[in-house]
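Visitor: First the structure, then my questions, so here it is.
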Amino acid sequence: MSQIKQYISICIVLMLVSFSLSSQNSIEDDPEIIQNNIDYRVEQSQKDIANFKYFEAQKTLDEALELAQDANLKKSIGLIYSIKGRLHLIIEEEEDAIQVLNKAVEMQRITNDNKNLGRSFKTFGDVYMSKKNTYQALDSYRAAKSKFQEEELKKELAETLLAEGNAYLELKNFRKSRELIEQAVALSRKEEFNDILSSALIYHGKVYHALSDPAKALDFAKEGLDIAKTNGYSSTTNRGYLVLSNIYESTQNHQLANDYLKKHVTLSDSLRAVKKANLSPEKRIQFLINDQIEHNKRQKAELDEANSKNDLSTLISILSVALITILSLLTLSLYKNNNIRLKTNNMLHKKNNELIIAKEKAELASKTKANFLSTVTHELRTPLYAVTGLSNMLLDEDPKPEQIQHLKSLKFSGDYLLTFINDILQINKIEANKVEIEPEPFNLKKKINNIILALNNQALDNNITIHFEYDKDLPENFIADQLKISQILINLIGNSIKFTKDGDIWIRVYKIAEENNNYTLRFEVEDNGIGITKEKQDNMFESFSQGSIQINRKYGGTGLGLSIVKGLIEILKGNIYMQSELGKGTTFFFEIPLEYNEASEIASNKKVKKLDTKPANLDLSSVKILVVEDNKINQMITKKILNKMDLFCEIVDNGEGAVDMVKANKYDIILMDIHMPGISGIEATKIIRTFDKELTIFALTAVTIEDKMHEFEEAGFTDIIPKPFKQEEFEKKLFNALSSKNNATA
């Protein structure tokens, strides 16, 4: 009986010890307690920063960060990094500030913590202002302002408006600066944010001083200084003294200017001394000594606790028997759990196999889509050749007055459909990673001027003035894919022209980074058109996306232009951003790397000038052209176009016939279709090249040129004319070819 009682006593003691240990662990691991510990340290660090205790704040933030990382609390991690960034800025460690702020932004985006994300962007702006990177600061302030507006954080919004206004003041854009600071003043007055209001009023005085209105400048600066002095805002008071000194100096009141300057110098020295004292090496050494003393005390306490635990070793030995019983029960439980885990693993393997199959199906579907688009677009281009060709011919044949509008509508529809097809092909190529970069030397400034010149008539139709600003310190000659840059700018400028009426468009180019001969340039296209709602802005770079159905019907367009632009910029290793406000306008800005070209002469400017019209001395009466085309309508259209050019042609409808005709006759030019019954145009050209290397052979084709370019070159084509073509381009290529042949034989 006594043995049973002893066993029961042992079990009770074991349960009490286990309960005590588990309770202690559960308390330490409780998420709410961990969060409270983090929040306390974060709050304490902010108090330390306000009281110039920078080393203490840094230590407290490091402790909070360790707790948050151990518990994987991403939101708290982001907040702590954000505060650390502000601390690094205060102690003038800008590069460290940028590093931790990038980490903060990454975490805050993952957790959708827009409130603190806005604060991180605001601190980013302050860092860039400290580094004199005003344009990057403006980008950060705008991003912060957007987040604060979404979250309705009025104080943070007022503070950011003031910072943005100060940035424009640094850029000497006084109109924009005054507008933003007025908003900050109005919001601060309404919500009674006296700290922001006092600073905003002083900056307002500074703006009016710059605008040569000393009376208003004095009124605002004095009001701001009074509020700052009343509430004990020492930094703002110091700024107010300096602003008033400058204003009085400009009004020739040297006595007051000198008085306020003395006050400014005295207070500046005091503030600087406090900051210097709290960042001095002596202060840091004392802080480290105190921290080490505390660390030693903690180690001693832990050692005492360990010694007390040794007294429990005897009790633990006695409880081992009871533990064996409990472990037996745990073993049985683990056996059951293992069976459950094996079943779960089998199920996961099955699901993984299903995902692999689904991935393979998706890849097959993507390839099928690409092949489908290639085939469909070819089949669409062939009848489009007839539509555009016939509409041009009918317009040139003196139609009845009532038919002209119908024919123009038909031509417009054909051109629109061709543009739509080309856009779809471009999107498909970008998604399939088939777009290659082709760098070449060119003059960037001339290229943009040419684009503006080409689009200017369209702009004048909408009563738009285009302004071009090119950084005077930026070189003009670069090496890059100028065709893709042109396509990007044409899309963006054309988009602004489409949605702007009776307004202005600004195009700006300036440098944001330089390393050796590698530049990172920013391009901006700004308009004051209809703007875009906030709800639609997030989807503007997606395919087939426009502001609304009403906008699509009113202004037209496929909704593919911006998607193409984004894809091309990503291929060029750049980024694109957008800012817009409904009714006020839109700004697109993108950044891409370009390599500086030191050569003063750009190779692209040395190309031989092509003939634009028929040469006067060219005799066309003896010219023979062979048209190889299986489609009867296309045969008729091509023949009529050539006859209109006073050129004679013969027609054959297959590749075998073309080879026989070339063997039997002498031709100046062959217009070769690609897809035909029997042998293709590519195969026919290869055969012709075995016995005639000099004959001019144009591929007159509706296939996607980029996809077949390698085949065309290998086959031996002289050049390519895509169908449907513009008649003037068709004529230019033929006359150039005939003129070159004529000069060679002369």
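In the structure tokens, each chain is lettered A, B, ... as it comes, each chain's residues begin at 1, and ligands are numbered from 1 in order of appearance.
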If you count only C-alpha atoms, which residues fall within 8 Å of Val659 (chain A), apart from same-chain ones fewer than 5 positions away, as an MDAnalysis selection string?
Guide: chainID A and resid 684 687:688
Visitor: Could you write those residues out with all heavy atoms, as a compact mmCIF listing (two decimals), in the first residue's frame?
Guide:
```txt
# COMPACT_ATOMS: atom_id res chain seq x y z
N ALA A 684 11.69 27.73 -104.30
CA ALA A 684 11.87 28.18 -105.68
C ALA A 684 13.04 29.14 -105.78
O ALA A 684 13.86 29.07 -106.72
CB ALA A 684 10.59 28.85 -106.18
N ILE A 687 16.37 27.35 -105.69
CA ILE A 687 16.70 26.71 -106.98
C ILE A 687 17.20 27.76 -107.97
O ILE A 687 18.20 27.54 -108.69
CB ILE A 687 15.45 25.98 -107.54
CG1 ILE A 687 15.05 24.83 -106.61
CG2 ILE A 687 15.72 25.47 -108.95
CD1 ILE A 687 13.72 24.19 -106.96
N ILE A 688 16.53 28.92 -108.04
CA ILE A 688 16.94 29.99 -108.97
C ILE A 688 18.36 30.45 -108.66
O ILE A 688 19.16 30.72 -109.56
CB ILE A 688 15.94 31.16 -108.90
CG1 ILE A 688 14.59 30.73 -109.48
CG2 ILE A 688 16.47 32.39 -109.64
CD1 ILE A 688 13.47 31.74 -109.26
```
Visitor: Could you name the residues that touch region 617-626 of chain A at 6 Å or less, counting only C-alpha atoms, but leaving out those on the same chain fewer than 5 positions away, as a list in words?
Guide: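 Answer for this query is Phe648, Cys649, Glu650, Ile651, Tyr667, Asp668, Ile669 and Ile670 of chain A.
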Visitor: I'd like the contact shell of Ile247 (chain A) - 10 Å cut-off, only C-alpha atoms, skipping same-chain residues fewer than 4 positions apart - returned as a PyMOL selection string.
Guide: chain A and resi 205-206+208-210+212-215+217-218+221+242-243+251-253+256-257
Visitor: Please write the residues from the selection above to a file, keeping N, CA, C and O atoms, as a PDB file, in the first residue's frame.
Guide:
```pdb
ATOM      1  N   GLY A 205       6.524  81.264 -46.353  1.00  0.00           N
ATOM      2  CA  GLY A 205       7.216  82.546 -46.368  1.00  0.00           C
ATOM      3  C   GLY A 205       8.442  82.513 -47.268  1.00  0.00           C
ATOM      4  O   GLY A 205       8.730  83.466 -47.997  1.00  0.00           O
ATOM      5  N   LYS A 206       9.150  81.408 -47.251  1.00  0.00           N
ATOM      6  CA  LYS A 206      10.344  81.253 -48.088  1.00  0.00           C
ATOM      7  C   LYS A 206       9.976  81.289 -49.577  1.00  0.00           C
ATOM      8  O   LYS A 206      10.687  81.889 -50.393  1.00  0.00           O
ATOM      9  N   TYR A 208       7.247  82.791 -50.946  1.00  0.00           N
ATOM     10  CA  TYR A 208       6.854  84.150 -51.335  1.00  0.00           C
ATOM     11  C   TYR A 208       8.066  85.087 -51.375  1.00  0.00           C
ATOM     12  O   TYR A 208       8.087  86.046 -52.156  1.00  0.00           O
ATOM     13  N   HIS A 209       9.064  84.802 -50.550  1.00  0.00           N
ATOM     14  CA  HIS A 209      10.301  85.573 -50.636  1.00  0.00           C
ATOM     15  C   HIS A 209      10.957  85.353 -51.998  1.00  0.00           C
ATOM     16  O   HIS A 209      11.428  86.303 -52.644  1.00  0.00           O
ATOM     17  N   ALA A 210      10.973  84.088 -52.459  1.00  0.00           N
ATOM     18  CA  ALA A 210      11.531  83.777 -53.777  1.00  0.00           C
ATOM     19  C   ALA A 210      10.706  84.402 -54.899  1.00  0.00           C
ATOM     20  O   ALA A 210      11.230  84.731 -55.960  1.00  0.00           O
ATOM     21  N   SER A 212       9.377  87.262 -54.743  1.00  0.00           N
ATOM     22  CA  SER A 212       9.509  88.726 -54.592  1.00  0.00           C
ATOM     23  C   SER A 212       8.246  89.373 -54.037  1.00  0.00           C
ATOM     24  O   SER A 212       7.794  90.416 -54.509  1.00  0.00           O
ATOM     25  N   ASP A 213       7.642  88.741 -53.032  1.00  0.00           N
ATOM     26  CA  ASP A 213       6.489  89.315 -52.345  1.00  0.00           C
ATOM     27  C   ASP A 213       6.811  89.328 -50.847  1.00  0.00           C
ATOM     28  O   ASP A 213       6.331  88.489 -50.072  1.00  0.00           O
ATOM     29  N   PRO A 214       7.668  90.286 -50.396  1.00  0.00           N
ATOM     30  CA  PRO A 214       8.155  90.253 -49.013  1.00  0.00           C
ATOM     31  C   PRO A 214       7.065  90.446 -47.970  1.00  0.00           C
ATOM     32  O   PRO A 214       7.175  89.938 -46.858  1.00  0.00           O
ATOM     33  N   ALA A 215       6.001  91.170 -48.301  1.00  0.00           N
ATOM     34  CA  ALA A 215       4.932  91.405 -47.324  1.00  0.00           C
ATOM     35  C   ALA A 215       4.277  90.087 -46.920  1.00  0.00           C
ATOM     36  O   ALA A 215       4.134  89.774 -45.729  1.00  0.00           O
ATOM     37  N   ALA A 217       5.510  87.128 -47.462  1.00  0.00           N
ATOM     38  CA  ALA A 217       6.556  86.264 -46.922  1.00  0.00           C
ATOM     39  C   ALA A 217       6.724  86.496 -45.425  1.00  0.00           C
ATOM     40  O   ALA A 217       6.814  85.545 -44.637  1.00  0.00           O
ATOM     41  N   LEU A 218       6.737  87.780 -44.996  1.00  0.00           N
ATOM     42  CA  LEU A 218       6.879  88.096 -43.571  1.00  0.00           C
ATOM     43  C   LEU A 218       5.690  87.612 -42.761  1.00  0.00           C
ATOM     44  O   LEU A 218       5.850  87.056 -41.670  1.00  0.00           O
ATOM     45  N   ALA A 221       5.892  83.734 -42.440  1.00  0.00           N
ATOM     46  CA  ALA A 221       7.038  83.290 -41.647  1.00  0.00           C
ATOM     47  C   ALA A 221       6.869  83.644 -40.172  1.00  0.00           C
ATOM     48  O   ALA A 221       7.184  82.840 -39.282  1.00  0.00           O
ATOM     49  N   LEU A 242      16.126  81.885 -39.577  1.00  0.00           N
ATOM     50  CA  LEU A 242      16.933  82.061 -40.783  1.00  0.00           C
ATOM     51  C   LEU A 242      16.104  82.653 -41.926  1.00  0.00           C
ATOM     52  O   LEU A 242      16.560  83.559 -42.629  1.00  0.00           O
ATOM     53  N   VAL A 243      14.867  82.143 -42.103  1.00  0.00           N
ATOM     54  CA  VAL A 243      14.006  82.647 -43.181  1.00  0.00           C
ATOM     55  C   VAL A 243      13.694  84.126 -42.965  1.00  0.00           C
ATOM     56  O   VAL A 243      13.778  84.942 -43.886  1.00  0.00           O
ATOM     57  N   THR A 251      14.698  93.308 -47.750  1.00  0.00           N
ATOM     58  CA  THR A 251      13.946  94.573 -47.650  1.00  0.00           C
ATOM     59  C   THR A 251      14.808  95.704 -47.086  1.00  0.00           C
ATOM     60  O   THR A 251      14.283  96.751 -46.701  1.00  0.00           O
ATOM     61  N   GLN A 252      16.115  95.446 -46.992  1.00  0.00           N
ATOM     62  CA  GLN A 252      17.083  96.455 -46.506  1.00  0.00           C
ATOM     63  C   GLN A 252      16.939  96.764 -45.017  1.00  0.00           C
ATOM     64  O   GLN A 252      17.445  97.774 -44.536  1.00  0.00           O
ATOM     65  N   ASN A 253      16.199  95.929 -44.271  1.00  0.00           N
ATOM     66  CA  ASN A 253      16.080  96.116 -42.818  1.00  0.00           C
ATOM     67  C   ASN A 253      17.208  95.312 -42.169  1.00  0.00           C
ATOM     68  O   ASN A 253      17.005  94.215 -41.642  1.00  0.00           O
ATOM     69  N   LEU A 256      16.991  94.152 -38.167  1.00  0.00           N
ATOM     70  CA  LEU A 256      16.207  92.946 -37.849  1.00  0.00           C
ATOM     71  C   LEU A 256      16.829  91.706 -38.493  1.00  0.00           C
ATOM     72  O   LEU A 256      16.802  90.614 -37.917  1.00  0.00           O
ATOM     73  N   ALA A 257      17.368  91.867 -39.684  1.00  0.00           N
ATOM     74  CA  ALA A 257      18.009  90.729 -40.356  1.00  0.00           C
ATOM     75  C   ALA A 257      19.162  90.205 -39.505  1.00  0.00           C
ATOM     76  O   ALA A 257      19.325  88.990 -39.324  1.00  0.00           O
TER      77      ALA A 257
END
```
Visitor: I'd like the contact shell of Leu671 (chain A) - 7 Å cut-off, only C-alpha atoms, skipping same-chain residues fewer than 6 positions apart - returned as an NGL selection string.
Guide: :A and (626-628 or 697-700)
Visitor: Would you mind exporting the chosen residues as a PDB file, in the first residue's frame, restricted to N, CA and C atoms?
Guide:
```
ATOM      1  N   LEU A 626       8.502  39.478-113.147  1.00  0.00           N
ATOM      2  CA  LEU A 626       7.732  38.240-113.019  1.00  0.00           C
ATOM      3  C   LEU A 626       7.048  38.225-111.662  1.00  0.00           C
ATOM      4  N   VAL A 627       5.717  38.116-111.643  1.00  0.00           N
ATOM      5  CA  VAL A 627       4.935  38.031-110.409  1.00  0.00           C
ATOM      6  C   VAL A 627       4.581  36.570-110.169  1.00  0.00           C
ATOM      7  N   VAL A 628       5.036  36.012-109.042  1.00  0.00           N
ATOM      8  CA  VAL A 628       4.753  34.615-108.687  1.00  0.00           C
ATOM      9  C   VAL A 628       3.734  34.645-107.555  1.00  0.00           C
ATOM     10  N   ILE A 697      15.291  39.472-106.395  1.00  0.00           N
ATOM     11  CA  ILE A 697      14.099  38.695-106.005  1.00  0.00           C
ATOM     12  C   ILE A 697      13.561  39.270-104.697  1.00  0.00           C
ATOM     13  N   PHE A 698      12.340  39.804-104.765  1.00  0.00           N
ATOM     14  CA  PHE A 698      11.664  40.307-103.571  1.00  0.00           C
ATOM     15  C   PHE A 698      10.696  39.254-103.049  1.00  0.00           C
ATOM     16  N   ALA A 699      10.735  39.017-101.719  1.00  0.00           N
ATOM     17  CA  ALA A 699       9.727  38.146-101.094  1.00  0.00           C
ATOM     18  C   ALA A 699       8.496  38.997-100.829  1.00  0.00           C
ATOM     19  N   LEU A 700       7.454  38.771-101.620  1.00  0.00           N
ATOM     20  CA  LEU A 700       6.182  39.487-101.436  1.00  0.00           C
ATOM     21  C   LEU A 700       5.287  38.569-100.609  1.00  0.00           C
TER      22      LEU A 700
END
```
Visitor: Skip Glu94 (chain A) itself and residues of its chain fewer than 2 positions away, then list as a compact mmCIF listing (two decimals) with N, CA, C and O atoms, in the first residue's frame all residues within 10 Å of it, counting only C-alpha atoms.
Guide:
```txt
# COMPACT_ATOMS: atom_id res chain seq x y z
N GLY A 85 15.74 52.97 -40.80
CA GLY A 85 16.10 53.84 -41.92
C GLY A 85 16.05 55.30 -41.53
O GLY A 85 16.93 56.09 -41.88
N ARG A 86 15.01 55.68 -40.76
CA ARG A 86 14.89 57.07 -40.32
C ARG A 86 16.04 57.43 -39.37
O ARG A 86 16.59 58.53 -39.41
N LEU A 87 16.40 56.47 -38.50
CA LEU A 87 17.50 56.71 -37.56
C LEU A 87 18.82 56.90 -38.31
O LEU A 87 19.61 57.81 -38.01
N HIS A 88 19.09 56.06 -39.32
CA HIS A 88 20.31 56.21 -40.12
C HIS A 88 20.34 57.57 -40.82
O HIS A 88 21.40 58.17 -40.97
N LEU A 89 19.17 58.04 -41.27
CA LEU A 89 19.11 59.35 -41.91
C LEU A 89 19.48 60.45 -40.92
O LEU A 89 20.25 61.36 -41.24
N ILE A 90 18.96 60.36 -39.68
CA ILE A 90 19.22 61.39 -38.66
C ILE A 90 20.71 61.47 -38.34
O ILE A 90 21.26 62.56 -38.19
N ILE A 91 21.37 60.30 -38.27
CA ILE A 91 22.80 60.32 -37.92
C ILE A 91 23.69 60.36 -39.16
O ILE A 91 24.87 60.02 -39.12
N GLU A 92 23.05 60.74 -40.32
CA GLU A 92 23.76 61.03 -41.56
C GLU A 92 24.48 59.81 -42.14
O GLU A 92 25.60 59.89 -42.63
N ASP A 96 23.37 53.42 -45.54
CA ASP A 96 22.77 52.42 -44.64
C ASP A 96 21.27 52.60 -44.59
O ASP A 96 20.50 51.62 -44.52
N ALA A 97 20.81 53.84 -44.63
CA ALA A 97 19.37 54.12 -44.62
C ALA A 97 18.69 53.51 -45.84
O ALA A 97 17.63 52.89 -45.73
N ILE A 98 19.30 53.66 -47.01
CA ILE A 98 18.72 53.12 -48.25
C ILE A 98 18.62 51.60 -48.17
O ILE A 98 17.62 50.99 -48.57
N GLN A 99 19.66 50.93 -47.62
CA GLN A 99 19.66 49.47 -47.53
C GLN A 99 18.51 48.96 -46.66
O GLN A 99 17.76 48.07 -47.06
N PHE A 124 12.37 57.53 -47.58
CA PHE A 124 13.19 57.43 -48.78
C PHE A 124 13.36 58.81 -49.41
O PHE A 124 14.46 59.20 -49.81
N ASP A 126 13.16 61.73 -47.96
CA ASP A 126 14.04 62.56 -47.13
C ASP A 126 15.51 62.18 -47.33
O ASP A 126 16.39 63.06 -47.33
N VAL A 127 15.78 60.87 -47.50
CA VAL A 127 17.17 60.42 -47.73
C VAL A 127 17.69 60.99 -49.05
O VAL A 127 18.81 61.52 -49.14
N TYR A 128 16.86 60.89 -50.11
CA TYR A 128 17.30 61.39 -51.41
C TYR A 128 17.46 62.91 -51.39
O TYR A 128 18.35 63.44 -52.07
N SER A 130 18.52 64.53 -48.80
CA SER A 130 19.80 64.70 -48.12
C SER A 130 20.96 64.45 -49.07
O SER A 130 22.01 65.08 -48.95
N LYS A 131 20.76 63.53 -50.05
CA LYS A 131 21.80 63.21 -51.03
C LYS A 131 21.75 64.13 -52.26
O LYS A 131 22.47 63.93 -53.22
```
Visitor: Contacts of region 74-84 of chain A at 6 Å or less, counting only C-alpha atoms, minus same-chain residues fewer than 4 places along, as an mmCIF file with N, CA, C and O atoms, in the first residue's frame?
Guide:
```cif
data_model
loop_
_atom_site.group_PDB
_atom_site.id
_atom_site.type_symbol
_atom_site.label_atom_id
_atom_site.label_comp_id
_atom_site.auth_asym_id
_atom_site.auth_seq_id
_atom_site.Cartn_x
_atom_site.Cartn_y
_atom_site.Cartn_z
ATOM 1 N N ALA A 68 11.230 39.833 -33.626
ATOM 2 C CA ALA A 68 10.303 39.748 -34.763
ATOM 3 C C ALA A 68 10.760 38.699 -35.772
ATOM 4 O O ALA A 68 9.936 37.954 -36.321
ATOM 5 N N VAL A 100 18.360 49.532 -45.456
ATOM 6 C CA VAL A 100 17.316 49.022 -44.560
ATOM 7 C C VAL A 100 15.929 49.433 -45.041
ATOM 8 O O VAL A 100 14.952 48.703 -44.840
ATOM 9 N N LEU A 101 15.815 50.593 -45.701
ATOM 10 C CA LEU A 101 14.512 51.007 -46.230
ATOM 11 C C LEU A 101 14.065 50.089 -47.362
ATOM 12 O O LEU A 101 12.868 49.810 -47.508
ATOM 13 N N ALA A 104 12.594 47.245 -45.685
ATOM 14 C CA ALA A 104 11.291 47.623 -45.117
ATOM 15 C C ALA A 104 10.214 47.582 -46.184
ATOM 16 O O ALA A 104 9.130 47.014 -45.988
ATOM 17 N N MET A 107 9.188 43.970 -47.159
ATOM 18 C CA MET A 107 8.311 43.337 -46.177
ATOM 19 C C MET A 107 6.919 43.957 -46.186
ATOM 20 O O MET A 107 5.898 43.257 -46.091
ATOM 21 N N GLN A 108 6.849 45.274 -46.295
ATOM 22 C CA GLN A 108 5.549 45.960 -46.238
ATOM 23 C C GLN A 108 4.707 45.670 -47.468
ATOM 24 O O GLN A 108 3.475 45.654 -47.394
ATOM 25 N N SER A 120 7.698 54.567 -45.187
ATOM 26 C CA SER A 120 9.017 54.200 -45.716
ATOM 27 C C SER A 120 9.336 55.017 -46.966
ATOM 28 O O SER A 120 10.458 55.497 -47.144
#
```
Visitor: Separation of CA of Arg239 (chain A) and CA of Gly165 (chain A), in Å?
Guide: 15.8 Å
